[in-house]
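> Take a look at this one; I'll ask things after.
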Amino acid sequence: PNAIPGPHMRKLWGLFLAERIKSPWRDIDLYSWLERLKRDGLTASLRLQLRELLSPVVSISRPFRFSEDQDVSAKHLRDLVDWELVLVSDHVGSTLSESSRSEWAPVLPFLLEDLQALVRDALDLLQELGSANSFEDRSYWDLPSVSPHWQNRGFREWIVLVELLRDSWLTNFEEHPDVAAKIAHRWFEIPYPTFKRLAFFA
């Protein structure tokens with residue numbers, strides 16, 4: 001019977017097979033992507049590459065135990081591994097804030113659908129891990145205010161996606177307020193509090 005994976009181990013294997021476990025090996029980093037953006041502008045290949053670089057993944061490590069001999073039955077996923085929702089790229093928030101706004105900001109309006117999909121992917125992963133549902137998710141803790149605020153400490157990297165989506169919506173609202181309003185109304189239909197909070201912000 002011990003050779004048959006339980007539900008939590010099957011969940012971990014599913015994440016591995018979907019390539020949603022954080023890996024230290026990458027062909028390109030965000031700095032290289034920004035250099036290409038400055039040189040070539042936003043191309044289809046760069047847009048798709050950005051989605052890959054900002055994709056939410058799960059970082060896993062050995063769970064903390066008081067004793068190696070401690071008998072722990074896997075009632076929860078954290079009994080098997082410690083996990084954290086992160087992004088494929090490291091230090092996304094600092095990398096994008098340090099970059100030249102004059103080169104990064106103009107492409108932000110064209111990335112709204114990609115950023116929305118990435119936020120949805122992050123929340124779907126949290127749901128898979130048992131930390132999000134239609135009524136509750138981690139955004140209350142990880143991003144206390146959708147608007148820029150001193151309480152937003154940036155401890156969790158995934159919330160950068162929410163902030164980028166917010167900024168992308170704002171730039172679209174300046175140019176096309178009617179279209180942006182329709183997008184905000186659709187956010188109410190997505191089954192996570194994060195999107196409801198974005199809609200109220202809008």
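Each chain of the structure tokens is named A, B, ... in the order shown, its residues numbered from 1; ligands are numbered from 1 in display order.
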So which residues of range 14-172 of chain A fall under strand (DSSP E) by DSSP, listed as a list in words?
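Output for range 14-172 of chain A, strand (DSSP E) only: Pro56, Val57, Val58, Ser59, Ile60, Ser61, Asp82, Trp83, Glu84, Leu85, Val86 and Leu87 of chain A.
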> Write out as a list of chain:residue names which residues come within 8 Å of Phe201 in chain A when counting only C-alpha atoms, dropping same-chain ones fewer than 3 positions away.
A:Val146, A:Ser147, A:Arg197, A:Leu198
> For range 155-160 of chain A, find every residue with an atom within 12 Å (counting only C-alpha atoms), except residues of its own chain fewer than 5 positions away, and show them as JSON, numbers by chain.
{"A": [54, 55, 56, 57, 58, 59, 84, 85, 86, 87, 88, 89, 90, 91, 92, 93, 94, 95, 96, 97, 115, 116, 118, 119, 120, 121, 122, 123, 125, 126, 137, 138, 139, 140, 141, 142, 143, 144, 145, 146, 148, 165, 166, 167, 194]}
> Would you mind exporting the chosen residues as a PDB file, in the first residue's frame, restricted to C-alpha atoms?

```pdb
ATOM      1  CA  LEU A  54       6.254  35.753 -14.875  1.00  0.00           C
ATOM      2  CA  SER A  55       4.502  32.393 -14.615  1.00  0.00           C
ATOM      3  CA  PRO A  56       3.526  31.388 -11.074  1.00  0.00           C
ATOM      4  CA  VAL A  57       5.186  28.229  -9.809  1.00  0.00           C
ATOM      5  CA  VAL A  58       5.538  26.429  -6.495  1.00  0.00           C
ATOM      6  CA  SER A  59       8.778  26.384  -4.541  1.00  0.00           C
ATOM      7  CA  GLU A  84       5.400  28.761  -1.358  1.00  0.00           C
ATOM      8  CA  LEU A  85       3.854  30.347  -4.430  1.00  0.00           C
ATOM      9  CA  VAL A  86       6.569  32.210  -6.346  1.00  0.00           C
ATOM     10  CA  LEU A  87       7.319  33.250  -9.927  1.00  0.00           C
ATOM     11  CA  VAL A  88       9.641  31.631 -12.444  1.00  0.00           C
ATOM     12  CA  SER A  89      11.885  34.722 -12.317  1.00  0.00           C
ATOM     13  CA  ASP A  90      13.415  35.970  -9.091  1.00  0.00           C
ATOM     14  CA  HIS A  91      13.211  39.564  -7.790  1.00  0.00           C
ATOM     15  CA  VAL A  92      10.563  40.586 -10.324  1.00  0.00           C
ATOM     16  CA  GLY A  93       9.366  43.581  -8.326  1.00  0.00           C
ATOM     17  CA  SER A  94      12.809  45.113  -7.873  1.00  0.00           C
ATOM     18  CA  THR A  95      13.854  44.321 -11.442  1.00  0.00           C
ATOM     19  CA  LEU A  96      10.882  46.081 -12.993  1.00  0.00           C
ATOM     20  CA  SER A  97      10.997  49.036 -10.621  1.00  0.00           C
ATOM     21  CA  LEU A 115      -1.342  39.668 -16.840  1.00  0.00           C
ATOM     22  CA  GLN A 116      -4.952  38.789 -16.110  1.00  0.00           C
ATOM     23  CA  LEU A 118      -1.162  35.062 -14.979  1.00  0.00           C
ATOM     24  CA  VAL A 119      -3.088  36.296 -11.925  1.00  0.00           C
ATOM     25  CA  ARG A 120      -5.758  33.670 -12.625  1.00  0.00           C
ATOM     26  CA  ASP A 121      -3.037  30.989 -12.931  1.00  0.00           C
ATOM     27  CA  ALA A 122      -1.579  32.039  -9.570  1.00  0.00           C
ATOM     28  CA  LEU A 123      -4.961  31.828  -7.855  1.00  0.00           C
ATOM     29  CA  LEU A 125      -2.482  27.133  -8.162  1.00  0.00           C
ATOM     30  CA  LEU A 126      -3.348  28.396  -4.685  1.00  0.00           C
ATOM     31  CA  ASP A 137      -7.547  33.799  -1.001  1.00  0.00           C
ATOM     32  CA  ARG A 138      -4.162  34.990   0.213  1.00  0.00           C
ATOM     33  CA  SER A 139      -4.405  38.453  -1.340  1.00  0.00           C
ATOM     34  CA  TYR A 140      -5.830  39.953   1.868  1.00  0.00           C
ATOM     35  CA  TRP A 141      -2.583  39.102   3.643  1.00  0.00           C
ATOM     36  CA  ASP A 142      -0.087  39.364   0.807  1.00  0.00           C
ATOM     37  CA  LEU A 143      -1.494  42.618  -0.649  1.00  0.00           C
ATOM     38  CA  PRO A 144      -3.513  44.507   1.986  1.00  0.00           C
ATOM     39  CA  SER A 145      -4.302  47.353  -0.432  1.00  0.00           C
ATOM     40  CA  VAL A 146      -4.823  47.155  -4.192  1.00  0.00           C
ATOM     41  CA  PRO A 148      -0.206  51.641  -3.537  1.00  0.00           C
ATOM     42  CA  LEU A 165      -2.491  44.091 -13.801  1.00  0.00           C
ATOM     43  CA  ARG A 166      -3.734  47.097 -11.831  1.00  0.00           C
ATOM     44  CA  ASP A 167      -1.232  49.406 -13.562  1.00  0.00           C
ATOM     45  CA  THR A 194      -8.583  39.140  -5.710  1.00  0.00           C
TER      46      THR A 194
END
```
> Quick one: residues within 10 Å of Leu111 in chain A, only C-alpha atoms counted, chain neighbours fewer than 5 positions away excluded, as a PyMOL selection string?
chain A and resi 42+47+50-51+116-117+164-165+168-169
> Find the residue from A:Leu48, A:Val179, A:Ile60, A:Pro1 that sits nearest to Ser23 in chain A; use only C-alpha atoms when measuring.
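Ranked by minimum distance to Ser23 in chain A, first place goes to A:Ile60.
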> Have a look at CA of His185 in chain A and CA of Phe200 in chain A and let me know their distance in Å, one decimal.
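Atom-to-atom, CA of His185 in chain A and CA of Phe200 in chain A are spaced 9.4 Å apart.
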> What are the nearest atom pairs, with distances in Å to one decimal, for all residues of range 93-199 of chain A that come at most 12 Å from range 5-14 of chain A, using only C-alpha atoms, set out by chain and rising residue number as CSV?

```
residue,atom,partner,partner_atom,distance
A:Leu125,CA,A:Lys11,CA,10.8
A:Gln127,CA,A:Lys11,CA,11.7
A:Glu128,CA,A:Lys11,CA,7.9
A:Leu129,CA,A:Lys11,CA,8.2
A:Gly130,CA,A:His8,CA,10.6
```
> What is the distance between CA of Glu35 in chain A and CA of Glu103 in chain A, in Å to one decimal?
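That distance, rounded to one decimal, is 9.9 Å.
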> One decimal, Å: what's the distance from CA of Trp150 in chain A over to CA of Leu30 in chain A, could you say?
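Going from CA of Trp150 in chain A over to CA of Leu30 in chain A covers 25.9 Å.
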> Quick one: pick out all alpha helix (DSSP H) residues within range 6-192 of chain A from a backbone DSSP run and write them as a ChimeraX atom specification.
/A:7-17,30-40,44-53,92-98,101-104,112-128,139-142,159-175,177-187
